[in-house]
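Colleague: Pasting a structure below so you can have a look.
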Amino acid sequence: MKSNFPVVRLGRHVRQVSHRNKGGVDADVFSVTNSEGFTSSTSYFSKEVFSKDVSNYKIVKKGQFSYNPSRINVGSIDYLRSAEIVLVSPLYVVFETDSELNADFLLRYMKSNWGNLQIRANTEGTVRDSLKYKGLENIKIPLPHLNDQKRIAHLLSMVKGLVIRRKQHLQQLDDLLKSIFWEMFGDPVRNEKGWNTTELVWLSGGVIDCPHSTPTYSDKGTGYFCVRSGDLVDGYLNLSKAFHVEQDVYEERIKRYAPQAGDIVYSREGGRLGNAARILGGESISLGQRIMLFKANDEDSSNFMWALLESRPFKAKLQGLVGGGGAPRVNIKDLKSIVVIQPPDDMKAQFSQITKQIDQIKNSYQQGLADLEDLYGVLTQKAFKGELDLSRVPLPDESPSESAEIIEGLDLALPKERVEGKFKLPEPAEDWMSSAESRNAQYGVWLDAYIDDLASGTRLLLDTFWDLVLDQLYDFIGEDAPGIHVDEYDQVKGWLFKAIESGRVEQVRDSIKMDGKLELGNQVVLEKV
């Protein structure tokens, strides 16, 4: 590891803690997951997974770290912030840092690529690799000055927050589409709306089960993907971890069975049983084992069928057809003969149009998410190498009391942010999506309306403006609205500069003294004149 910061053994700045619950502390049992960190075991798992007798469980106090030795390599480590005291499994490792090591900085490092390499280098291999405490002590970590640790952690946390927010937006779009399906067609299994019915196979243009043996996978990225059940994520194909095959294998053995745009790939076996994803086109894809294919009859039927396969009632019905054996599996004959609703073609066409509009938004959001994740990776690498200029990164607030004092001062002395929910953007022009120029012009009209609505001296928040744009879009989703290409701030940047040049908005220093002693940062912000 090369860094402009001193590189030290983690053992110099951590201490193991192993207090057992012999006194019967009344505290909840928590787990540490890679996605949520410290999480109540009863809320995370569908059933109680811990022993009734928790006297041997370990006590974790606020600010202390804990990790699962067998899962830390996938990020299952966190320090306690959500409670004063909790209990964790006796198998967990609990430790605390000294005053020279910031907890947020350590957590970001342990979840980084560099930290993961150090974790893997110090694990002990048994049935599963495990990082014992002595292995943790041997991990090497760059150690800048404490204030710079805080700045690095603060910067990475802000970018990570943008990543999380973008993922939430994607999830909201998925939830929106499911809600629209339910509103239009009702429960597809109970069929309380009385639609005509048919067998599942007749919604498609045919069914193909994986017709070839497992190919030999390539150890390099060839661009010829072999889709497995793990590549079907939340109704969409995620090829970021998909296996590749050589071009000659694809051309000779697989190409004739390759999915086409509109087809639906479907997992009928294993832990991802019942997951479906549409082929949107453009990729060279083959079917892996346990994957079958519903051929597209037409685009409208395909979009409807995909939403039906992904619906909860259908997946619940599928569980009743699962056969015995080592892995859950549904017989193709049984699957094809499931009776499903068959709404009128015009209803399927209307739903298909909405699906395509949401697809456009999702594609843009997914690209934005990829860009943010790339940015986070670059910043993380440069931060731990000591290659970032940290002088422009603010130091986060030190204590709750100080934060409260600052917020109180802001309420009295700084312009208040606008109250959301009282302003609605005007309806767009009919041809606003006809070209890039007309789309940019519409953003300009909306930005003007947003600025006009602000009171003089109010801070201009682009995040709020963008949320208004998204709200406006959602209002049109159920109607005949065109799709919209969403791009963070690029579309409004030029119009914002013009607003500054015209004197409607000005750049001011976000700096103030209160009682002659408290000074805020000197960040430049925008205010309505």
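Order determines the names: the first chain of the structure tokens is A, the second B, and so forth; residues in each chain are numbered 1 upward, and ligands are numbered 1 upward as they are shown.
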Enumerate as a PyMOL selection string all residues of region 179-394 of chain A assigned to strand (DSSP E) by DSSP on the backbone, naming them with the chain letters and numbers the document uses.
Modeller: chain A and resi 196-199+207-209+217-218+224-227+232-233+236-237+243-245+264-267+276-278+284-287+291-294+339-342
Colleague: Write the residues you've just listed into a file as a CSV table (one decimal), in the first residue's frame, and include N, CA and C atoms for each of them.
Modeller:
```csv
chain,number,residue,atom,x,y,z
A,196,ASN,N,-61.1,-11.7,-18.8
A,196,ASN,CA,-60.9,-13.0,-19.4
A,196,ASN,C,-59.6,-13.6,-18.9
A,197,THR,N,-59.6,-15.0,-19.0
A,197,THR,CA,-58.4,-15.7,-18.6
A,197,THR,C,-57.8,-16.6,-19.7
A,198,THR,N,-56.6,-16.9,-19.6
A,198,THR,CA,-55.9,-17.8,-20.5
A,198,THR,C,-54.8,-18.5,-19.8
A,199,GLU,N,-54.2,-19.5,-20.5
A,199,GLU,CA,-53.0,-20.1,-19.9
A,199,GLU,C,-51.8,-19.2,-20.2
A,207,VAL,N,-42.2,-20.7,-25.6
A,207,VAL,CA,-41.3,-20.9,-24.5
A,207,VAL,C,-40.2,-21.8,-24.9
A,208,ILE,N,-39.0,-21.3,-24.5
A,208,ILE,CA,-37.7,-22.1,-24.7
A,208,ILE,C,-37.0,-22.3,-23.4
A,209,ASP,N,-36.8,-23.5,-23.1
A,209,ASP,CA,-35.9,-23.8,-21.9
A,209,ASP,C,-34.5,-23.9,-22.4
A,217,TYR,N,-17.0,-21.0,-19.5
A,217,TYR,CA,-17.0,-19.6,-19.4
A,217,TYR,C,-15.6,-19.0,-19.7
A,218,SER,N,-15.6,-17.8,-20.3
A,218,SER,CA,-14.3,-17.1,-20.6
A,218,SER,C,-13.8,-16.4,-19.3
A,224,TYR,N,-20.0,-11.3,-24.8
A,224,TYR,CA,-21.0,-12.3,-25.0
A,224,TYR,C,-21.4,-13.0,-23.7
A,225,PHE,N,-22.6,-12.6,-23.2
A,225,PHE,CA,-23.0,-12.9,-21.8
A,225,PHE,C,-23.8,-14.2,-21.7
A,226,CYS,N,-23.6,-14.9,-20.6
A,226,CYS,CA,-24.4,-16.0,-20.3
A,226,CYS,C,-25.2,-15.7,-19.1
A,227,VAL,N,-26.5,-15.5,-19.2
A,227,VAL,CA,-27.3,-15.1,-18.1
A,227,VAL,C,-27.7,-16.2,-17.2
A,232,LEU,N,-30.6,-11.7,-12.7
A,232,LEU,CA,-32.0,-11.2,-12.8
A,232,LEU,C,-32.3,-10.5,-11.5
A,233,VAL,N,-32.2,-9.2,-11.5
A,233,VAL,CA,-32.3,-8.4,-10.2
A,233,VAL,C,-33.4,-7.4,-10.3
A,236,TYR,N,-35.0,-6.6,-13.7
A,236,TYR,CA,-34.1,-6.2,-14.8
A,236,TYR,C,-32.8,-7.0,-14.9
A,237,LEU,N,-32.2,-7.0,-16.0
A,237,LEU,CA,-30.9,-7.7,-16.2
A,237,LEU,C,-29.8,-6.9,-15.6
A,243,PHE,N,-21.3,-13.9,-16.3
A,243,PHE,CA,-20.2,-14.7,-17.0
A,243,PHE,C,-20.2,-14.4,-18.5
A,244,HIS,N,-19.0,-14.5,-19.0
A,244,HIS,CA,-18.9,-14.3,-20.5
A,244,HIS,C,-18.5,-15.7,-21.1
A,245,VAL,N,-18.8,-15.8,-22.4
A,245,VAL,CA,-18.4,-17.0,-23.2
A,245,VAL,C,-17.6,-16.4,-24.4
A,264,ILE,N,-38.6,-12.3,-22.6
A,264,ILE,CA,-38.5,-12.3,-21.1
A,264,ILE,C,-37.7,-13.5,-20.7
A,265,VAL,N,-36.6,-13.3,-20.0
A,265,VAL,CA,-35.8,-14.4,-19.4
A,265,VAL,C,-36.4,-14.6,-18.0
A,266,TYR,N,-36.4,-15.9,-17.6
A,266,TYR,CA,-37.1,-16.3,-16.4
A,266,TYR,C,-36.4,-17.4,-15.7
A,267,SER,N,-36.3,-17.2,-14.4
A,267,SER,CA,-35.6,-18.2,-13.6
A,267,SER,C,-36.7,-19.2,-13.0
A,276,ALA,N,-38.1,-12.5,-13.2
A,276,ALA,CA,-38.2,-12.2,-14.6
A,276,ALA,C,-37.6,-10.9,-15.0
A,277,ALA,N,-37.0,-10.9,-16.3
A,277,ALA,CA,-36.4,-9.6,-16.8
A,277,ALA,C,-36.6,-9.6,-18.3
A,278,ARG,N,-37.0,-8.4,-18.7
A,278,ARG,CA,-37.2,-8.2,-20.2
A,278,ARG,C,-35.8,-7.9,-20.9
A,284,SER,N,-25.5,-9.1,-26.6
A,284,SER,CA,-25.4,-10.5,-27.0
A,284,SER,C,-25.5,-11.4,-25.8
A,285,ILE,N,-26.7,-12.1,-25.7
A,285,ILE,CA,-27.0,-12.8,-24.5
A,285,ILE,C,-27.4,-14.2,-24.8
A,286,SER,N,-26.9,-15.1,-24.0
A,286,SER,CA,-27.3,-16.5,-24.1
A,286,SER,C,-27.9,-16.9,-22.7
A,287,LEU,N,-28.6,-18.1,-22.8
A,287,LEU,CA,-29.3,-18.6,-21.6
A,287,LEU,C,-28.4,-19.5,-20.8
A,291,ILE,N,-32.4,-21.2,-16.6
A,291,ILE,CA,-33.1,-20.1,-17.2
A,291,ILE,C,-33.9,-20.5,-18.4
A,292,MET,N,-35.1,-20.0,-18.5
A,292,MET,CA,-36.0,-20.2,-19.6
A,292,MET,C,-36.4,-18.9,-20.3
A,293,LEU,N,-37.0,-19.0,-21.4
A,293,LEU,CA,-37.3,-17.8,-22.2
A,293,LEU,C,-38.7,-17.8,-22.7
A,294,PHE,N,-39.4,-16.7,-22.4
A,294,PHE,CA,-40.7,-16.4,-23.0
A,294,PHE,C,-40.5,-15.5,-24.2
A,339,VAL,N,-53.2,-20.5,-15.1
A,339,VAL,CA,-54.3,-19.7,-15.7
A,339,VAL,C,-54.0,-18.2,-15.2
A,340,VAL,N,-54.0,-17.3,-16.1
A,340,VAL,CA,-53.7,-15.9,-15.8
A,340,VAL,C,-54.8,-15.0,-16.5
A,341,ILE,N,-54.8,-13.7,-16.1
A,341,ILE,CA,-55.8,-12.8,-16.6
A,341,ILE,C,-55.3,-12.4,-18.0
A,342,GLN,N,-56.3,-12.1,-18.9
A,342,GLN,CA,-56.1,-11.6,-20.2
A,342,GLN,C,-56.9,-10.4,-20.5
```
Colleague: Neighbours of Lys62 (chain A) within 8 Å (only C-alpha atoms; same-chain residues fewer than 5 positions away dropped), as a PDB file with N, CA and C atoms, in the first residue's frame?
Modeller:
```
ATOM      1  N   TYR A  79     -20.151   0.450  13.245  1.00  0.00           N
ATOM      2  CA  TYR A  79     -20.076   0.855  14.649  1.00  0.00           C
ATOM      3  C   TYR A  79     -21.449   1.351  15.077  1.00  0.00           C
ATOM      4  N   LEU A  80     -21.764   1.198  16.356  1.00  0.00           N
ATOM      5  CA  LEU A  80     -23.112   1.406  16.866  1.00  0.00           C
ATOM      6  C   LEU A  80     -23.421   2.895  17.015  1.00  0.00           C
ATOM      7  N   ARG A  81     -24.494   3.321  16.345  1.00  0.00           N
ATOM      8  CA  ARG A  81     -24.965   4.700  16.461  1.00  0.00           C
ATOM      9  C   ARG A  81     -26.441   4.775  16.824  1.00  0.00           C
ATOM     10  N   SER A  82     -27.189   3.716  16.545  1.00  0.00           N
ATOM     11  CA  SER A  82     -28.645   3.760  16.646  1.00  0.00           C
ATOM     12  C   SER A  82     -29.180   3.461  18.044  1.00  0.00           C
ATOM     13  N   ALA A  83     -28.337   3.070  18.970  1.00  0.00           N
ATOM     14  CA  ALA A  83     -28.789   2.732  20.331  1.00  0.00           C
ATOM     15  C   ALA A  83     -27.619   2.914  21.287  1.00  0.00           C
ATOM     16  N   GLU A  84     -27.930   2.939  22.572  1.00  0.00           N
ATOM     17  CA  GLU A  84     -26.880   3.077  23.581  1.00  0.00           C
ATOM     18  C   GLU A  84     -26.184   1.748  23.836  1.00  0.00           C
ATOM     19  N   ILE A  85     -26.939   0.648  23.760  1.00  0.00           N
ATOM     20  CA  ILE A  85     -26.369  -0.670  24.045  1.00  0.00           C
ATOM     21  C   ILE A  85     -27.207  -1.734  23.335  1.00  0.00           C
TER      22      ILE A  85
END
```
Colleague: I'd like to know which residues of region 91-233 of chain A are alpha helix (DSSP H) (by DSSP, run on the backbone); could you write them as a ChimeraX atom specification?
Modeller: /A:103-110,113-121,133-137,146-185
Colleague: Those selected residues, please, written with C-alpha atoms and delivered as a tab-separated table (two decimals), in the first residue's frame.
Modeller:
```tsv
chain	number	residue	atom	x	y	z
A	103	ALA	CA	-14.78	5.81	13.57
A	104	ASP	CA	-16.34	7.08	10.31
A	105	PHE	CA	-12.93	7.17	8.65
A	106	LEU	CA	-12.18	3.60	9.72
A	107	LEU	CA	-15.58	2.37	8.55
A	108	ARG	CA	-15.14	3.95	5.11
A	109	TYR	CA	-11.68	2.43	4.83
A	110	MET	CA	-12.81	-1.07	5.85
A	113	ASN	CA	-11.36	-1.81	-2.08
A	114	TRP	CA	-8.11	-1.15	-0.24
A	115	GLY	CA	-9.64	-2.20	3.05
A	116	ASN	CA	-11.15	-5.31	1.50
A	117	LEU	CA	-7.76	-6.35	0.12
A	118	GLN	CA	-6.30	-5.99	3.60
A	119	ILE	CA	-9.16	-8.01	5.08
A	120	ARG	CA	-8.65	-10.84	2.59
A	121	ALA	CA	-4.89	-10.81	3.17
A	133	TYR	CA	-9.20	-10.20	15.92
A	134	LYS	CA	-5.48	-10.86	15.56
A	135	GLY	CA	-5.95	-10.64	11.79
A	136	LEU	CA	-7.77	-7.33	12.25
A	137	GLU	CA	-4.81	-6.00	14.24
A	146	LEU	CA	-7.55	13.41	12.95
A	147	ASN	CA	-9.24	16.46	11.38
A	148	ASP	CA	-8.33	15.21	7.90
A	149	GLN	CA	-9.78	11.80	8.80
A	150	LYS	CA	-13.04	13.57	9.60
A	151	ARG	CA	-12.94	15.56	6.36
A	152	ILE	CA	-12.34	12.42	4.29
A	153	ALA	CA	-15.14	10.55	6.05
A	154	HIS	CA	-17.47	13.55	5.62
A	155	LEU	CA	-16.73	13.86	1.89
A	156	LEU	CA	-17.18	10.14	1.21
A	157	SER	CA	-20.36	10.06	3.27
A	158	MET	CA	-21.86	12.89	1.20
A	159	VAL	CA	-21.11	11.13	-2.09
A	160	LYS	CA	-22.34	7.81	-0.69
A	161	GLY	CA	-25.53	9.60	0.30
A	162	LEU	CA	-26.05	10.62	-3.33
A	163	VAL	CA	-25.59	7.00	-4.37
A	164	ILE	CA	-28.17	5.85	-1.83
A	165	ARG	CA	-30.57	8.58	-2.90
A	166	ARG	CA	-30.29	7.55	-6.55
A	167	LYS	CA	-30.98	3.91	-5.59
A	168	GLN	CA	-34.03	5.08	-3.67
A	169	HIS	CA	-35.27	6.91	-6.77
A	170	LEU	CA	-34.90	3.73	-8.80
A	171	GLN	CA	-36.83	1.78	-6.18
A	172	GLN	CA	-39.56	4.42	-6.16
A	173	LEU	CA	-39.95	4.05	-9.93
A	174	ASP	CA	-40.26	0.27	-9.53
A	175	ASP	CA	-42.87	0.75	-6.82
A	176	LEU	CA	-44.71	3.26	-9.00
A	177	LEU	CA	-44.98	0.81	-11.90
A	178	LYS	CA	-46.21	-1.98	-9.61
A	179	SER	CA	-48.79	0.38	-8.17
A	180	ILE	CA	-50.00	1.34	-11.66
A	181	PHE	CA	-50.28	-2.34	-12.63
A	182	TRP	CA	-52.35	-3.05	-9.53
A	183	GLU	CA	-54.57	0.01	-10.11
A	184	MET	CA	-55.25	-0.97	-13.73
A	185	PHE	CA	-55.61	-4.75	-13.45
```
Colleague: Between A:Asp53, A:Asp334, A:Glu427, A:Asp359, single out the one closest to Arg268 (chain A), counting only C-alpha atoms.
Modeller: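 So, comparing all the options, the nearest one is A:Asp334.
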Colleague: Any idea what the distance is between CA of Tyr443 (chain A) and CA of Ala455 (chain A)?
Modeller: 20.4 Å
Colleague: Need the shell around Ser89 (chain A): protein/DNA/RNA residues with any atom at most 9 Å away, counting only C-alpha atoms. Skip same-chain ones fewer than 3 positions apart. Format as a ChimeraX atom specification?
Modeller: /A:29-31,50,54,56-58,68,92-93
Colleague: Skip Gly11 (chain A) itself and residues of its chain fewer than 2 positions away, then list as a PyMOL selection string all residues within 8 Å of it, counting only C-alpha atoms.
Modeller: chain A and resi 9+13-15+136-139
Colleague: Based on the selection just made, write N, CA and C atoms of those residues as a compact mmCIF listing (two decimals), in the first residue's frame.
Modeller:
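The result, written out as out14.txt:
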```
# COMPACT_ATOMS: atom_id res chain seq x y z
N ARG A 9 -0.20 -0.21 11.48
CA ARG A 9 -1.01 -1.37 11.80
C ARG A 9 -2.23 -0.92 12.59
N HIS A 13 -4.29 1.14 17.23
CA HIS A 13 -5.33 2.12 17.54
C HIS A 13 -6.69 1.49 17.84
N VAL A 14 -6.73 0.17 18.05
CA VAL A 14 -7.99 -0.48 18.41
C VAL A 14 -7.76 -1.38 19.62
N ARG A 15 -8.86 -1.68 20.33
CA ARG A 15 -8.79 -2.57 21.49
C ARG A 15 -10.00 -3.48 21.46
N LEU A 136 -7.37 -8.74 12.31
CA LEU A 136 -7.77 -7.33 12.25
C LEU A 136 -6.62 -6.42 12.69
N GLU A 137 -5.92 -6.81 13.74
CA GLU A 137 -4.81 -6.00 14.24
C GLU A 137 -3.71 -5.83 13.19
N ASN A 138 -3.55 -6.81 12.32
CA ASN A 138 -2.47 -6.77 11.31
C ASN A 138 -2.83 -5.95 10.08
N ILE A 139 -4.07 -5.53 9.96
CA ILE A 139 -4.48 -4.72 8.81
C ILE A 139 -3.73 -3.41 8.80
```
Colleague: Compile the contact shell of Asp231 (chain A) as a PyMOL selection string: residues with an atom at most 8 Å away, counting only C-alpha atoms, same-chain residues fewer than 5 positions apart removed.
Modeller: chain A and resi 237-239+241-242
